[in-house]
Each structure stands twice: as structure tokens, then as C-alpha cells.
$ cat run_7.cif   # mmCIF, C-alpha atoms
data_protein
#
loop_
_atom_site.label_atom_id
_atom_site.label_comp_id
_atom_site.auth_asym_id
_atom_site.auth_seq_id
_atom_site.Cartn_x
_atom_site.Cartn_y
_atom_site.Cartn_z
CA MET H 68 3.03 -5.72 13.31
CA ASN H 69 3.44 -2.36 11.59
CA SER H 70 0.24 -1.35 9.77
CA ARG H 71 1.81 1.79 8.32
CA PRO H 72 2.56 1.51 4.59
CA PRO H 73 6.17 1.81 3.40
CA VAL H 74 7.49 5.20 2.33
CA ASP H 75 7.11 5.88 -1.39
CA LYS H 76 10.69 6.24 -2.67
CA ALA H 77 9.72 7.90 -5.97
CA PHE H 78 7.64 10.49 -4.13
CA SER H 79 10.47 11.06 -1.65
CA ALA H 80 12.95 11.65 -4.51
CA TRP H 81 10.51 14.07 -6.19
CA LEU H 82 10.05 15.93 -2.92
CA VAL H 83 13.80 16.13 -2.25
CA THR H 84 14.41 17.53 -5.75
CA ARG H 85 11.93 20.34 -5.07
CA SER H 86 13.35 21.01 -1.62
CA LEU H 87 16.91 21.24 -2.96
CA ARG H 88 15.89 23.66 -5.69
CA SER H 89 14.17 25.96 -3.21
CA THR H 90 17.02 25.91 -0.66
CA VAL H 91 19.64 26.61 -3.32
CA GLY H 92 17.46 29.48 -4.51
CA GLU H 93 17.26 28.02 -8.00
CA THR H 94 14.75 29.84 -10.10
CA THR H 95 13.51 28.85 -13.47
CA ASP H 96 12.13 30.88 -16.31
CA ARG H 97 9.81 28.08 -17.33
CA ALA H 98 6.48 27.36 -15.76
CA LEU H 99 6.12 24.30 -13.60
CA PHE H 100 4.00 22.22 -15.96
CA SER H 101 2.18 19.01 -15.09
CA ILE H 102 0.16 16.49 -17.09
CA ALA H 103 -3.34 15.19 -16.26
CA ILE H 104 -4.40 11.98 -18.02
CA GLU H 105 -8.05 11.12 -17.66
CA SER H 106 -9.46 7.87 -18.98
CA PRO H 107 -13.06 6.93 -18.33
CA CYS H 108 -12.56 3.68 -20.29
CA LEU H 109 -10.65 1.65 -17.72
CA VAL H 110 -11.03 -1.58 -19.69
CA CYS H 111 -9.92 -0.54 -23.18
CA GLN H 112 -7.37 2.22 -22.50
CA PRO H 113 -3.93 1.32 -21.13
CA ARG H 114 -2.25 3.05 -18.22
CA VAL H 115 0.70 5.18 -19.37
CA ALA H 116 1.75 7.42 -16.45
CA HIS H 117 4.71 5.31 -15.32
CA ALA H 118 6.12 4.84 -18.84
CA LEU H 119 5.57 8.53 -19.61
CA ALA H 120 7.42 9.56 -16.42
CA LEU H 121 10.37 7.33 -17.36
CA TYR H 122 10.45 8.84 -20.85
CA LEU H 123 10.19 12.44 -19.63
CA ASN H 124 12.84 11.86 -16.96
CA GLU H 125 15.17 10.60 -19.67
CA PHE H 126 14.56 13.33 -22.23
CA ASP H 127 13.41 16.44 -20.35
CA ASP H 128 16.18 19.04 -20.73
CA ASN H 129 15.11 20.78 -17.52
CA GLU H 130 16.41 17.97 -15.30
CA ALA H 131 12.91 17.36 -14.02
CA ASN H 132 12.11 14.47 -11.77
CA TRP H 133 8.67 13.46 -13.09
CA LEU H 134 6.32 11.78 -10.63
CA PRO H 135 3.46 9.57 -11.85
CA VAL H 136 0.44 9.80 -9.54
CA THR H 137 -2.15 7.07 -9.90
CA ASP H 138 -5.01 6.09 -7.59
CA HIS H 139 -2.69 3.66 -5.82
CA ARG H 140 0.06 6.23 -5.19
CA LEU H 141 -2.46 8.84 -4.01
CA GLU H 142 -3.92 6.30 -1.56
CA GLN H 143 -0.43 5.49 -0.30
CA LEU H 144 0.37 9.16 0.21
CA GLN H 145 -2.91 9.67 2.04
CA ALA H 146 -1.99 6.88 4.46
CA HIS H 147 0.82 9.02 5.92
CA LYS H 148 -0.47 11.81 8.17
CA GLU H 149 2.72 13.85 7.64
CA LEU H 150 2.41 13.68 3.85
CA ARG H 151 -1.28 14.60 3.99
CA GLU H 152 -0.37 17.70 5.97
CA MET H 153 2.45 18.59 3.59
CA LEU H 154 0.09 18.16 0.62
CA ARG H 155 -2.47 20.40 2.38
CA HIS H 156 -4.76 17.42 2.29
CA GLU H 157 -7.14 17.44 5.22
CA THR H 158 -8.91 14.11 4.94
CA PRO H 159 -8.30 10.98 2.83
CA SER H 160 -11.89 11.06 1.60
CA ASP H 161 -11.40 14.35 -0.32
CA PRO H 162 -8.24 14.25 -2.48
CA ASN H 163 -8.87 17.55 -4.32
CA SER H 164 -6.49 19.59 -2.18
CA ALA H 165 -3.65 17.08 -2.66
CA ILE H 166 -4.24 16.92 -6.41
CA ASN H 167 -4.30 20.71 -6.68
CA TYR H 168 -1.08 20.98 -4.68
CA LEU H 169 0.74 18.24 -6.62
CA SER H 170 -0.24 19.61 -10.03
CA SER H 171 0.82 23.13 -9.05
CA GLN H 172 4.31 21.90 -8.12
CA GLY H 173 5.08 20.78 -11.67
CA SER H 174 6.64 17.61 -13.08
CA VAL H 175 3.65 15.53 -11.99
CA ILE H 176 1.71 13.14 -14.20
CA LEU H 177 -1.75 12.59 -12.77
CA GLU H 178 -3.53 9.51 -14.10
CA LEU H 179 -6.76 9.69 -12.16
CA PRO H 180 -10.45 9.26 -13.05
CA LYS H 181 -11.50 12.92 -12.58
CA CYS H 182 -8.22 14.79 -12.76
CA HIS H 183 -9.38 17.16 -15.53
CA ALA H 184 -12.09 18.67 -13.34
CA GLN H 185 -9.68 18.74 -10.39
CA THR H 186 -7.02 20.66 -12.38
CA ALA H 187 -9.24 22.72 -14.69
CA GLN H 188 -8.31 26.02 -13.03
CA ASN H 189 -4.56 25.46 -13.45
CA PRO H 190 -3.33 26.76 -16.85
CA ASP H 191 -0.03 24.92 -16.38
CA VAL H 192 -1.59 21.45 -16.61
CA PHE H 193 -1.58 19.69 -19.99
CA GLN H 194 -4.78 17.65 -20.14
CA VAL H 195 -4.86 14.37 -22.07
CA SER H 196 -8.05 12.42 -22.58
CA MET H 197 -7.68 8.73 -23.42
CA SER H 198 -11.02 7.35 -24.47
CA CYS H 199 -12.60 5.24 -27.19
CA LYS H 200 -15.25 7.97 -27.60
CA GLU H 201 -14.56 11.65 -28.10
CA PRO H 202 -15.08 13.46 -24.79
CA CYS H 203 -18.20 15.65 -24.70
CA GLU H 204 -16.99 18.12 -22.16
CA GLY H 205 -13.79 19.61 -20.89
CA ASN H 206 -10.94 21.51 -22.45
CA HIS H 207 -8.47 18.71 -23.00
CA HIS H 208 -5.36 19.49 -25.04
CA LEU H 209 -5.06 16.04 -26.57
CA TRP H 210 -7.52 13.24 -27.18
CA ILE H 211 -6.25 9.76 -28.01
CA ASN H 212 -8.19 6.58 -28.66
CA ALA H 213 -5.57 4.01 -27.66
CA LYS H 214 -7.60 1.25 -29.29
CA ARG H 215 -6.66 2.78 -32.64
CA VAL H 216 -3.03 3.65 -31.90
CA PRO H 217 -0.19 1.15 -31.41
CA GLU H 218 0.57 0.94 -27.69
CA GLU H 219 4.30 1.49 -28.19
CA THR H 220 3.66 4.95 -29.69
CA LEU H 221 1.26 6.28 -27.02
CA VAL H 222 3.97 7.61 -24.71
CA LEU H 223 5.81 9.26 -27.60
CA MET H 224 2.61 10.92 -28.85
CA ILE H 225 1.76 12.32 -25.44
CA ALA H 226 5.34 13.41 -24.70
CA ASN H 227 5.80 15.13 -28.06
CA ALA H 228 2.47 16.96 -27.81
CA PHE H 229 3.32 18.00 -24.23
CA PHE H 230 6.82 19.23 -25.16
CA ASP H 231 5.41 21.28 -28.07
CA TRP H 232 2.78 22.78 -25.76
CA ALA H 233 5.30 23.51 -22.97
CA CYS H 234 7.95 24.95 -25.33
CA ASN H 235 5.35 27.39 -26.62
CA GLY H 236 4.55 28.61 -23.12
CA GLY H 237 1.56 26.42 -22.28
CA ASP H 238 -2.00 27.58 -22.85
CA ARG H 239 -2.54 30.46 -25.22
CA GLN H 240 -3.10 33.70 -23.43
CA PRO H 241 -6.01 35.89 -24.53
CA PRO H 242 -4.85 38.69 -26.79
CA ARG H 243 -4.10 41.95 -25.09
CA ASN H 244 -6.50 44.79 -25.61
CA SER H 245 -6.12 45.37 -29.33
CA SER H 246 -8.09 48.61 -29.19
CA GLN H 247 -5.02 50.40 -27.86
CA LYS H 248 -3.15 51.94 -30.77
CA LYS H 249 0.58 52.30 -30.85
CA SER H 250 1.85 55.83 -31.08
#
$ encode --input "run_7.cif" --output "C-alpha cells"
Amino acid sequence: MNSRPPVDKAFSAWLVTRSLRSTVGETTDRALFSIAIESPCLVCQPRVAHALALYLNEFDDNEANWLPVTDHRLEQLQAHKELREMLRHETPSDPNSAINYLSSQGSVILELPKCHAQTAQNPDVFQVSMSCKEPCEGNHHLWINAKRVPEETLVLMIANAFFDWACNGGDRQPPRNSSQKKS
């Protein structure tokens, strides 16, 4: 009996897309943005990563291959020693290195319990908080209470806010030193 879990085909396709771009020498002027969806309310907030990935794959003009990463997918990736090494993920008990690597590659939708803290240092990650109470901490870009929004519009709201953010270059950069006068 084979105790090794099956290979994740969506992850494999995402990985191949990145490998092909790097071997062809394809460069892009856009940043490699990712999305981190954090929801502490597991009971009242729906899961949207898979539907959002389908939507973004259909409408993203950059021919991205969006990969939804949930707890289940992360556990499956951790089960393969080769993938753990590729993700710079030392041990299955500490997923931070894998999450940092995945989010830095772009076109990843993390839907994990603490993904905001795990991606806080990456300015190319659009952070969405789905909660029935306004989050007290963090620098999320979008807060949605899915209990008050029709479920069929959640993906569109997140995608539209993300596209606006990404088309404007991501996070605002601090103004340059304004004390320098033009001559």
C-alpha cells in the first residue's frame, strides 16, 4: 500500500507555468502579486479561495495561473519531501517558510488562519479580512463581513478590489523626500 499522497495537479500546473516563464526568460513589468485571505470566523464566513482562483484565471489579463492554498493543500504539499525542499520548508510543523515562498512567487491565494501575520512583510500581498467583527489589528486592504453580503458577490468584490489595487501598483509607497527642491 502506498502511503504517499497523490501529486497535486493544480500545484504542478502552477509550478510548470513559473518554470516555463523563467526558462523562456520572460520578464514582466508588473509585480508578482498574491492575495492573503484571513478569516477567524470559520463558522460564519464562507471559503472563497477556489472560486476566486477560477475567476482570476478567467479574467486576469496577465495569463496568470492562480493557485488557491488552503490548510488542506498546504498539508498535502508538506507531505512530499521534494516539494518541502523546493518551497524552502524545513519541517511540516512550521509552515512559515513555505507561505513566505509561495506568496513571493505571485498568483497565489492564501486562505489560511494566520496568513496576514505570515505575509505582513511582503508589500505585494493584498490582504483580505473576512470576519463578522472588524479586525482590531493588522493592515488589511479589505474587510468584508460575508454575513452581510450576498455570497455570489463575494468573489467579485474581492477580485475587483484586488485588480484596482494591483493596477495602481500595489501598496502606496511613502512620498519621496519632499524637502528637495527642483531647480
$ residues_near_point --input "run_7.cif" --point "(8.4, 8.7, -5.9)" --cutoff "12 Å" --atoms "all atoms listed in the file" --output "ChimeraX atom specification"
/H:73-84,117,120-121,132-137,140-141,143-144,174-176
$ atom_distance --input "run_7.cif" --atom1 "CA of Tyr122 (chain H)" --atom2 "CA of Leu223 (chain H)"
8.2 Å
$ resolve_selection --input "run_7.cif" --expression "the PyMOL selection byres ((chain H and resi 167) around 12)" --output "PyMOL selection string"
chain H and resi 101+103+154-156+161-166+168-173+175+177+182-192
$ atom_distance --input "run_7.cif" --atom1 "CA of Ser196 (chain H)" --atom2 "CA of Pro107 (chain H)"
8.6 Å
$ closest_residue --input "run_7.cif" --among "H:Asn124, H:Gln145, H:Asn212, H:Gln240" --to "Ala226 (chain H)" --atoms "only C-alpha atoms"
H:Asn124
$ atom_distance --input "run_7.cif" --atom1 "CA of Asp238 (chain H)" --atom2 "CA of Pro180 (chain H)"
22.4 Å
$ resolve_selection --input "run_7.cif" --expression "the PyMOL selection byres ((chain H and resi 211) around 7)" --output "list in words"
Ser196, Met197, Ser198, Leu209, Trp210, Asn212 and Ala213 of chain H
$ resolve_selection --input "run_7.cif" --expression "the PyMOL selection byres ((chain H and resi 214) around 8)" --output "list in words"
Cys111, Gln112, Cys199, Asn212, Ala213, Arg215, Val216 and Pro217 of chain H
$ write_last_selection --input "run_7.cif" --atoms "C-alpha atoms" --output "PDB file, in the frame of the given file"
ATOM      1  CA  CYS H 111      -9.920  -0.540 -23.180  1.00  0.00           C
ATOM      2  CA  GLN H 112      -7.370   2.220 -22.500  1.00  0.00           C
ATOM      3  CA  CYS H 199     -12.600   5.240 -27.190  1.00  0.00           C
ATOM      4  CA  ASN H 212      -8.190   6.580 -28.660  1.00  0.00           C
ATOM      5  CA  ALA H 213      -5.570   4.010 -27.660  1.00  0.00           C
ATOM      6  CA  ARG H 215      -6.660   2.780 -32.640  1.00  0.00           C
ATOM      7  CA  VAL H 216      -3.030   3.650 -31.900  1.00  0.00           C
ATOM      8  CA  PRO H 217      -0.190   1.150 -31.410  1.00  0.00           C
TER       9      PRO H 217
END
$ closest_residue --input "run_7.cif" --among "H:Leu179, H:Val110, H:Leu99, H:Ala228" --to "His139 (chain H)" --atoms "all atoms listed in the file"
H:Leu179
